[in-house]
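Student: Contents of model01.cif (mmCIF, C-alpha atoms) are given next:
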data_coords
loop_
_atom_site.label_atom_id
_atom_site.label_comp_id
_atom_site.auth_asym_id
_atom_site.auth_seq_id
_atom_site.Cartn_x
_atom_site.Cartn_y
_atom_site.Cartn_z
CA MET A 1 102.55 88.50 75.42
CA LYS A 2 102.08 91.77 73.53
CA ASN A 3 98.67 93.39 73.31
CA ALA A 4 97.58 96.55 71.52
CA ALA A 5 94.88 99.08 72.36
CA ILE A 6 93.00 101.01 69.70
CA ILE A 7 91.52 104.14 71.27
CA VAL A 8 88.79 105.49 69.00
CA SER A 9 88.19 109.22 69.33
CA ALA A 10 87.39 110.37 65.80
CA GLY A 11 83.76 111.40 66.32
CA SER A 12 82.50 114.90 65.67
CA GLY A 13 80.58 115.18 68.96
CA LYS A 14 77.38 116.46 67.34
CA ARG A 15 75.29 116.03 70.50
CA MET A 16 77.69 118.17 72.52
CA LYS A 17 77.81 120.84 69.81
CA SER A 18 74.04 120.98 69.54
CA LEU A 19 73.95 121.87 73.23
CA GLY A 20 76.39 124.74 72.90
CA LYS A 21 79.72 123.05 73.55
CA LYS A 22 82.26 124.42 71.03
CA VAL A 23 85.20 122.25 72.14
CA LYS A 24 85.11 118.67 70.82
CA LYS A 25 83.92 116.35 73.53
CA GLN A 26 87.16 114.36 73.81
CA TYR A 27 88.96 117.56 74.86
CA LEU A 28 86.37 118.85 77.32
CA PRO A 29 87.84 119.16 80.83
CA LEU A 30 87.07 116.45 83.35
CA ALA A 31 88.69 117.03 86.75
CA ASN A 32 91.02 119.57 85.09
CA GLN A 33 92.18 117.22 82.33
CA PRO A 34 90.72 116.48 78.87
CA ILE A 35 88.43 113.44 78.81
CA LEU A 36 90.68 111.70 76.30
CA ILE A 37 93.74 112.11 78.53
CA HIS A 38 91.98 110.26 81.37
CA THR A 39 91.25 107.39 78.98
CA LEU A 40 94.75 107.19 77.53
CA LYS A 41 96.34 107.19 80.99
CA LYS A 42 94.49 104.00 81.91
CA PHE A 43 96.02 102.12 79.00
CA GLU A 44 99.43 103.78 79.27
CA GLU A 45 99.72 102.56 82.86
CA LEU A 46 98.67 98.95 82.21
CA LYS A 47 101.54 96.47 81.83
CA GLU A 48 99.16 94.29 79.80
CA ILE A 49 99.18 96.89 77.00
CA SER A 50 102.30 97.14 74.82
CA GLU A 51 101.20 99.77 72.31
CA ILE A 52 98.41 102.25 71.67
CA ILE A 53 96.96 103.27 68.32
CA LEU A 54 95.06 106.53 68.72
CA VAL A 55 92.41 107.39 66.12
CA LEU A 56 91.51 111.08 65.91
CA PRO A 57 89.52 113.32 63.56
CA LYS A 58 91.36 114.35 60.42
CA GLY A 59 93.29 117.56 61.05
CA GLU A 60 93.78 117.06 64.82
CA ILE A 61 96.83 114.83 64.79
CA ASN A 62 99.43 117.62 64.95
CA TYR A 63 97.37 119.44 67.59
CA PHE A 64 97.38 116.38 69.82
CA LYS A 65 101.10 115.73 69.33
CA GLU A 66 102.03 119.33 70.09
CA CYS A 67 99.70 119.84 73.06
CA TRP A 68 99.40 116.53 74.87
CA ILE A 69 102.00 113.87 73.99
CA LYS A 70 104.95 115.53 75.70
CA LYS A 71 102.91 117.08 78.49
CA TYR A 72 101.70 113.69 79.73
CA ASN A 73 104.72 111.66 78.59
CA PHE A 74 102.76 109.04 76.65
CA LEU A 75 105.32 106.40 75.67
CA LYS A 76 103.04 103.65 74.37
CA ILE A 77 101.27 105.67 71.66
CA LYS A 78 102.83 104.05 68.60
CA LYS A 79 100.77 105.88 65.99
CA ILE A 80 98.14 108.59 65.75
CA ILE A 81 95.99 108.20 62.65
CA ALA A 82 93.02 109.96 61.07
CA GLY A 83 89.67 108.25 61.44
CA GLY A 84 86.79 107.95 58.99
CA SER A 85 83.20 109.08 58.66
CA ARG A 86 81.98 106.08 60.72
CA ARG A 87 83.37 104.50 63.86
CA GLN A 88 83.71 101.19 62.02
CA ILE A 89 85.93 102.82 59.40
CA SER A 90 88.04 104.39 62.16
CA VAL A 91 88.56 101.04 63.87
CA SER A 92 89.41 99.41 60.53
CA LYS A 93 92.13 101.99 59.98
CA GLY A 94 93.42 101.36 63.48
CA LEU A 95 93.61 97.61 62.89
CA LYS A 96 95.87 98.16 59.88
CA ASN A 97 98.40 99.92 62.10
CA VAL A 98 98.71 97.37 64.91
CA SER A 99 102.00 95.49 65.17
CA LYS A 100 101.74 91.97 63.78
CA ASP A 101 103.22 90.41 66.92
CA CYS A 102 100.39 91.68 69.16
CA LYS A 103 98.21 88.74 70.15
CA LEU A 104 95.18 90.67 71.41
CA ILE A 105 93.61 93.95 70.33
CA VAL A 106 91.66 95.99 72.87
CA ILE A 107 89.20 98.43 71.29
CA HIS A 108 87.97 101.24 73.51
CA ASP A 109 86.02 104.49 73.15
CA GLY A 110 88.12 107.56 73.81
CA VAL A 111 85.22 109.14 75.70
CA ARG A 112 84.87 106.31 78.25
CA PRO A 113 87.39 107.68 80.75
CA LEU A 114 85.97 106.01 83.86
CA VAL A 115 86.69 102.41 82.94
CA ARG A 116 88.43 100.60 85.80
CA LYS A 117 91.81 99.03 85.08
CA GLU A 118 90.69 95.75 86.62
CA ILE A 119 87.81 95.55 84.12
CA ILE A 120 90.24 95.97 81.23
CA ILE A 121 92.46 93.26 82.68
CA ARG A 122 89.52 90.84 83.13
CA ALA A 123 88.46 91.44 79.53
CA ILE A 124 92.00 90.76 78.31
CA LYS A 125 92.18 87.51 80.28
CA ALA A 126 88.80 86.38 78.93
CA ALA A 127 89.79 87.11 75.33
CA SER A 128 93.09 85.32 75.79
CA LYS A 129 91.16 82.22 76.85
CA TYR A 130 88.09 82.41 74.59
CA GLY A 131 89.26 84.54 71.65
CA ALA A 132 86.79 87.38 72.13
CA SER A 133 85.33 89.28 75.07
CA ILE A 134 83.12 92.29 75.73
CA VAL A 135 82.19 94.12 78.92
CA GLY A 136 78.71 95.14 79.97
CA VAL A 137 76.09 95.46 82.68
CA PRO A 138 72.56 94.08 83.09
CA VAL A 139 69.81 96.36 81.82
CA LYS A 140 67.86 97.90 84.73
CA GLU A 141 64.88 99.32 82.86
CA THR A 142 62.10 97.47 81.07
CA ILE A 143 62.79 97.45 77.32
CA LYS A 144 60.01 97.52 74.72
CA THR A 145 60.05 97.49 70.94
CA VAL A 146 58.09 100.41 69.52
CA LYS A 147 56.97 101.32 66.02
CA ASN A 148 55.27 104.61 65.14
CA LYS A 149 54.86 105.28 68.89
CA TRP A 150 52.92 102.00 69.38
CA VAL A 151 54.31 99.30 71.64
CA LYS A 152 54.93 96.08 69.72
CA SER A 153 56.42 93.86 72.42
CA THR A 154 58.20 93.71 75.78
CA LEU A 155 61.62 92.05 75.91
CA LYS A 156 62.78 89.78 78.74
CA ARG A 157 64.90 92.06 80.89
CA GLU A 158 66.88 89.19 82.41
CA ASP A 159 68.29 88.40 78.94
CA LEU A 160 69.36 91.97 78.14
CA TRP A 161 72.72 93.57 78.78
CA SER A 162 74.02 97.05 78.04
CA ILE A 163 77.33 96.62 76.24
CA GLN A 164 80.29 98.94 76.72
CA THR A 165 83.95 99.00 75.77
CA PRO A 166 86.61 97.71 76.00
CA GLN A 167 85.99 94.89 73.55
CA VAL A 168 88.94 92.53 73.16
CA PHE A 169 89.76 90.09 70.37
CA LYS A 170 92.57 87.94 69.09
CA GLN A 171 94.16 89.90 66.27
CA ASP A 172 93.51 87.38 63.49
CA LEU A 173 89.87 87.03 64.54
CA ILE A 174 88.95 90.73 64.56
CA LYS A 175 90.79 91.36 61.31
CA LYS A 176 88.94 88.48 59.68
CA ALA A 177 85.64 89.92 60.93
CA TYR A 178 86.43 93.37 59.54
CA LEU A 179 87.50 91.97 56.17
CA LYS A 180 84.22 90.09 55.88
CA ALA A 181 82.26 93.22 56.80
CA GLU A 182 84.15 95.31 54.26
CA ARG A 183 83.66 92.70 51.55
CA GLU A 184 79.93 92.31 52.24
CA LYS A 185 79.33 96.00 53.08
CA ILE A 186 78.07 95.23 56.59
CA TYR A 187 77.85 98.02 59.16
CA ALA A 188 77.41 96.98 62.79
CA ASN A 189 76.59 98.67 66.09
CA ASP A 190 79.86 97.51 67.64
CA ASP A 191 82.95 95.45 66.91
CA ALA A 192 81.57 92.36 68.59
CA GLN A 193 78.65 92.20 66.16
CA LEU A 194 81.10 91.76 63.29
CA VAL A 195 82.71 88.85 65.14
CA GLU A 196 79.26 87.40 65.80
CA ASN A 197 78.73 87.41 62.03
CA LEU A 198 81.57 84.89 61.78
CA GLY A 199 79.65 82.54 64.08
CA LYS A 200 82.16 83.08 66.89
CA LYS A 201 81.06 83.00 70.54
CA ILE A 202 81.95 86.02 72.65
CA ARG A 203 82.58 85.93 76.39
CA LEU A 204 80.78 88.54 78.49
CA VAL A 205 82.71 90.19 81.33
CA LEU A 206 80.83 92.03 84.06
CA SER A 207 81.63 95.75 84.07
CA ASN A 208 80.00 98.46 86.21
CA TYR A 209 77.51 101.27 85.66
CA GLU A 210 80.19 103.93 86.08
CA ASN A 211 81.83 103.04 82.76
CA ILE A 212 79.75 105.60 80.88
CA LYS A 213 80.32 107.05 77.43
CA ILE A 214 80.40 110.84 77.65
CA THR A 215 78.24 112.19 74.83
CA THR A 216 76.18 114.98 76.45
CA PRO A 217 76.81 117.72 79.06
CA HIS A 218 74.72 115.67 81.52
CA ASP A 219 77.16 112.76 81.14
CA LEU A 220 80.00 115.12 81.95
CA ILE A 221 78.32 116.18 85.20
CA ILE A 222 77.86 112.52 86.19
CA ALA A 223 81.51 111.75 85.37
CA GLU A 224 82.70 114.62 87.56
CA GLU A 225 80.67 113.32 90.49
CA ILE A 226 81.99 109.78 90.03
CA LEU A 227 85.59 111.02 90.09
CA LYS A 228 84.92 113.11 93.21
CA ARG A 229 83.49 110.07 94.98
CA ARG A 230 86.43 107.90 93.94
CA LYS A 231 88.88 110.41 95.39
CA LYS A 232 86.98 110.44 98.69
CA ILE A 233 87.04 106.64 98.90
CA LYS A 234 90.81 106.60 98.34
#
Please render this file's structure as structure tokens.
Tutor:
Amino acid sequence: MKNAAIIVSAGSGKRMKSLGKKVKKQYLPLANQPILIHTLKKFEELKEISEIILVLPKGEINYFKECWIKKYNFLKIKKIIAGGSRRQISVSKGLKNVSKDCKLIVIHDGVRPLVRKEIIIRAIKAASKYGASIVGVPVKETIKTVKNKWVKSTLKREDLWSIQTPQVFKQDLIKKAYLKAEREKIYANDDAQLVENLGKKIRLVLSNYENIKITTPHDLIIAEEILKRRKKIK
């Protein structure tokens, strides 16, 4: 069974830039390699993934090909395409470039380099069985709704999960969800929300708290420490 991975890394990294980081966050060094390279390696090495569609900011495609493709011998990157002004637009462009014979599509943030391979595999298995899966962890803090700095209500923590990527879907399902969103001009927080709009149930797969999205310098420090600890355990 062939599966494709869409690695979305087309963001501008405004939060990093506002804190003085001139290099785009996906290329910042993490354990002596760019963040994005760590992410791509995970999917390159998985036998469950047949092809990778990499979505980058417009104007960076040649840079990536010249600097990183040959250096790290990425063989599964089928296409590198320019993203859009929103993540949803970037994913939509990626979907249009996936091979038709791929059964499942795995969508993952390029700046989540610490995802464990076994979590990706579990998500793929769940989507193969149920049609759609997402990974996440239970929320640890108390969550309140607030308006104009006044607390409106307190949500039941036991019902709340923090959702990450990868998110995995059968190809026909996620394409149908994106077509509906485009037609009705719906913008969602993640890919799963668009599938929810079709009335489709989504299977939750337990992830871990290390699968962080690197968006600030503080996240980068945490990621470095996680990698150091992993090396010690090995």
Student: Residues picked by the PyMOL selection byres ((chain A and resi 69-85) around 8) here, as a ChimeraX atom specification?
Tutor: /A:10,41,44,50-59,61,64-68,86-87,89-91,93-94,97
Student: List as a ChimeraX atom specification the protein and nucleic acid residues near Thr165 (chain A), meaning an atom at most 7 Å away when all atoms listed in the file are counted, but skip any in the same chain fewer than 3 places from it.
Tutor: /A:107-109,134-135
Student: Could you check the closest approach to Pro217 (chain A) for each of A:Leu28, A:Leu173, A:Ile143, A:Leu95 and tell me which residue wins, using only C-alpha atoms?
Tutor: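 For Pro217 (chain A), the nearest of the candidates is A:Leu28.
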Student: What's the 12 Å shell around Leu160 (chain A), counting only C-alpha atoms, without same-chain residues fewer than 3 positions away, as a list in words?
Tutor: Gly136, Val137, Pro138, Val139, Lys140, Glu141, Thr142, Ile143, Lys144, Thr154, Leu155, Lys156, Arg157, Ile163 and Leu204 of chain A
Student: Taking into account only C-alpha atoms, which residue in the set A:Ala192, A:Leu40, A:Lys129, A:Gln33 is nearest to Val115 (chain A)?
Tutor: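 Using only C-alpha atoms, Val115 (chain A) sits closest to A:Leu40.
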Student: Excluding region 179-187 of chain A and its own-chain neighbours fewer than 2 positions away, which residues fall within 9 Å of it when counting all atoms listed in the file? Please give them as number ranges by chain.
Tutor: A: 88, 92, 174-177, 189-190, 194, 197-198
Student: Where does the PyMOL selection byres ((chain A and resi 118-127) around 7) land in this file, that is, which residues does it pick, as an MDAnalysis selection string?
Tutor: chainID A and resid 116:117 128:135 166 168:170 203 205 207
Student: Would you work out the distance separating CA of Lys149 (chain A) from CA of Lys213 (chain A), expressed in Å to one decimal?
Tutor: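 One can read the CA of Lys149 (chain A) to CA of Lys213 (chain A) distance as 26.9 Å.
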Student: If you apply the PyMOL selection byres ((chain A and resi 224) around 12) to this file, what residues do you get, as a PDB file with C-alpha atoms, in the coordinates of the input?
Tutor:
ATOM      1  CA  LEU A  28      86.370 118.850  77.320  1.00  0.00           C
ATOM      2  CA  PRO A  29      87.840 119.160  80.830  1.00  0.00           C
ATOM      3  CA  LEU A  30      87.070 116.450  83.350  1.00  0.00           C
ATOM      4  CA  ALA A  31      88.690 117.030  86.750  1.00  0.00           C
ATOM      5  CA  ASN A  32      91.020 119.570  85.090  1.00  0.00           C
ATOM      6  CA  GLN A  33      92.180 117.220  82.330  1.00  0.00           C
ATOM      7  CA  PRO A  34      90.720 116.480  78.870  1.00  0.00           C
ATOM      8  CA  ILE A  35      88.430 113.440  78.810  1.00  0.00           C
ATOM      9  CA  HIS A  38      91.980 110.260  81.370  1.00  0.00           C
ATOM     10  CA  PRO A 113      87.390 107.680  80.750  1.00  0.00           C
ATOM     11  CA  LEU A 114      85.970 106.010  83.860  1.00  0.00           C
ATOM     12  CA  GLU A 210      80.190 103.930  86.080  1.00  0.00           C
ATOM     13  CA  ILE A 212      79.750 105.600  80.880  1.00  0.00           C
ATOM     14  CA  ILE A 214      80.400 110.840  77.650  1.00  0.00           C
ATOM     15  CA  PRO A 217      76.810 117.720  79.060  1.00  0.00           C
ATOM     16  CA  HIS A 218      74.720 115.670  81.520  1.00  0.00           C
ATOM     17  CA  ASP A 219      77.160 112.760  81.140  1.00  0.00           C
ATOM     18  CA  LEU A 220      80.000 115.120  81.950  1.00  0.00           C
ATOM     19  CA  ILE A 221      78.320 116.180  85.200  1.00  0.00           C
ATOM     20  CA  ILE A 222      77.860 112.520  86.190  1.00  0.00           C
ATOM     21  CA  ALA A 223      81.510 111.750  85.370  1.00  0.00           C
ATOM     22  CA  GLU A 225      80.670 113.320  90.490  1.00  0.00           C
ATOM     23  CA  ILE A 226      81.990 109.780  90.030  1.00  0.00           C
ATOM     24  CA  LEU A 227      85.590 111.020  90.090  1.00  0.00           C
ATOM     25  CA  LYS A 228      84.920 113.110  93.210  1.00  0.00           C
ATOM     26  CA  ARG A 229      83.490 110.070  94.980  1.00  0.00           C
ATOM     27  CA  ARG A 230      86.430 107.900  93.940  1.00  0.00           C
ATOM     28  CA  LYS A 231      88.880 110.410  95.390  1.00  0.00           C
TER      29      LYS A 231
END
Student: Just how far from CA of Glu48 (chain A) is CA of Asn3 (chain A), in Å to one decimal?
Tutor: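 Taking CA of Asn3 (chain A) as the start and CA of Glu48 (chain A) as the end point, the length is 6.6 Å.
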Student: What gap, in Å, lies between CA of Ile7 (chain A) and CA of Thr216 (chain A)?
Tutor: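 Calculated distance between CA of Ile7 (chain A) and CA of Thr216 (chain A) is 19.5 Å.
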Student: Please provide as a PyMOL selection string all residues within 7 Å of Ile49 (chain A), with the sequence filter that same-chain residues fewer than 5 positions apart are discarded (counting only C-alpha atoms).
Tutor: chain A and resi 2-5+43
Student: Can those selected residues be exported to a file as a PDB file, keeping the file's coordinate frame so that it contains C-alpha atoms?
Tutor:
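This is the output file again_21.pdb:
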ATOM      1  CA  LYS A   2     102.080  91.770  73.530  1.00  0.00           C
ATOM      2  CA  ASN A   3      98.670  93.390  73.310  1.00  0.00           C
ATOM      3  CA  ALA A   4      97.580  96.550  71.520  1.00  0.00           C
ATOM      4  CA  ALA A   5      94.880  99.080  72.360  1.00  0.00           C
ATOM      5  CA  PHE A  43      96.020 102.120  79.000  1.00  0.00           C
TER       6      PHE A  43
END
Student: Of the candidates A:Asp172, A:Ile202, A:Arg112, A:Glu45, which shows the shortest atom-to-atom distance to Ser99 (chain A), using only C-alpha atoms?
Tutor: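 Among A:Asp172, A:Ile202, A:Arg112, A:Glu45, it is A:Asp172 that comes nearest to Ser99 (chain A).
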Student: I'd like to know which of A:Lys96, A:Lys201, A:Lys24, A:Lys232 is closest to Ile6 (chain A), using only C-alpha atoms.
Tutor: A:Lys96
Student: For region 99-124 of chain A, supply N, CA and C atoms and format the output as a CSV table (one decimal), keeping the file's coordinate frame.
Tutor:
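Printed below is rebuild18.csv as written:
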chain,number,residue,atom,x,y,z
A,99,SER,N,100.9,96.4,65.4
A,99,SER,CA,102.0,95.5,65.2
A,99,SER,C,101.5,94.0,65.0
A,100,LYS,N,102.2,93.3,64.1
A,100,LYS,CA,101.7,92.0,63.8
A,100,LYS,C,102.0,91.0,64.9
A,101,ASP,N,102.9,91.3,65.8
A,101,ASP,CA,103.2,90.4,66.9
A,101,ASP,C,102.3,90.6,68.1
A,102,CYS,N,101.4,91.5,68.1
A,102,CYS,CA,100.4,91.7,69.2
A,102,CYS,C,99.3,90.6,69.1
A,103,LYS,N,99.2,89.8,70.2
A,103,LYS,CA,98.2,88.7,70.2
A,103,LYS,C,96.8,89.2,70.2
A,104,LEU,N,96.5,90.2,71.2
A,104,LEU,CA,95.2,90.7,71.4
A,104,LEU,C,95.1,92.1,71.0
A,105,ILE,N,93.9,92.5,70.6
A,105,ILE,CA,93.6,94.0,70.3
A,105,ILE,C,92.4,94.4,71.2
A,106,VAL,N,92.7,95.4,72.0
A,106,VAL,CA,91.7,96.0,72.9
A,106,VAL,C,91.1,97.2,72.2
A,107,ILE,N,89.8,97.3,71.9
A,107,ILE,CA,89.2,98.4,71.3
A,107,ILE,C,88.4,99.2,72.3
A,108,HIS,N,88.6,100.5,72.5
A,108,HIS,CA,88.0,101.2,73.5
A,108,HIS,C,87.6,102.6,73.0
A,109,ASP,N,86.5,103.1,73.5
A,109,ASP,CA,86.0,104.5,73.2
A,109,ASP,C,86.9,105.5,73.9
A,110,GLY,N,87.3,106.5,73.2
A,110,GLY,CA,88.1,107.6,73.8
A,110,GLY,C,87.4,108.4,74.9
A,111,VAL,N,86.0,108.4,74.8
A,111,VAL,CA,85.2,109.1,75.7
A,111,VAL,C,84.6,108.2,76.8
A,112,ARG,N,85.2,107.1,77.1
A,112,ARG,CA,84.9,106.3,78.2
A,112,ARG,C,86.0,106.4,79.2
A,113,PRO,N,86.2,107.5,79.9
A,113,PRO,CA,87.4,107.7,80.8
A,113,PRO,C,87.3,107.0,82.1
A,114,LEU,N,86.2,106.5,82.5
A,114,LEU,CA,86.0,106.0,83.9
A,114,LEU,C,86.1,104.5,84.0
A,115,VAL,N,86.5,103.9,82.9
A,115,VAL,CA,86.7,102.4,82.9
A,115,VAL,C,87.8,102.1,84.0
A,116,ARG,N,87.5,101.1,84.8
A,116,ARG,CA,88.4,100.6,85.8
A,116,ARG,C,89.5,99.7,85.2
A,117,LYS,N,90.7,99.8,85.6
A,117,LYS,CA,91.8,99.0,85.1
A,117,LYS,C,91.5,97.5,85.3
A,118,GLU,N,90.9,97.2,86.4
A,118,GLU,CA,90.7,95.8,86.6
A,118,GLU,C,89.7,95.2,85.6
A,119,ILE,N,88.8,96.0,85.1
A,119,ILE,CA,87.8,95.6,84.1
A,119,ILE,C,88.5,95.3,82.8
A,120,ILE,N,89.4,96.2,82.4
A,120,ILE,CA,90.2,96.0,81.2
A,120,ILE,C,91.0,94.7,81.3
A,121,ILE,N,91.6,94.5,82.5
A,121,ILE,CA,92.5,93.3,82.7
A,121,ILE,C,91.6,92.0,82.6
A,122,ARG,N,90.4,92.0,83.2
A,122,ARG,CA,89.5,90.8,83.1
A,122,ARG,C,89.1,90.6,81.7
A,123,ALA,N,88.9,91.6,80.9
A,123,ALA,CA,88.5,91.4,79.5
A,123,ALA,C,89.6,90.9,78.7
A,124,ILE,N,90.8,91.3,79.0
A,124,ILE,CA,92.0,90.8,78.3
A,124,ILE,C,92.2,89.3,78.6
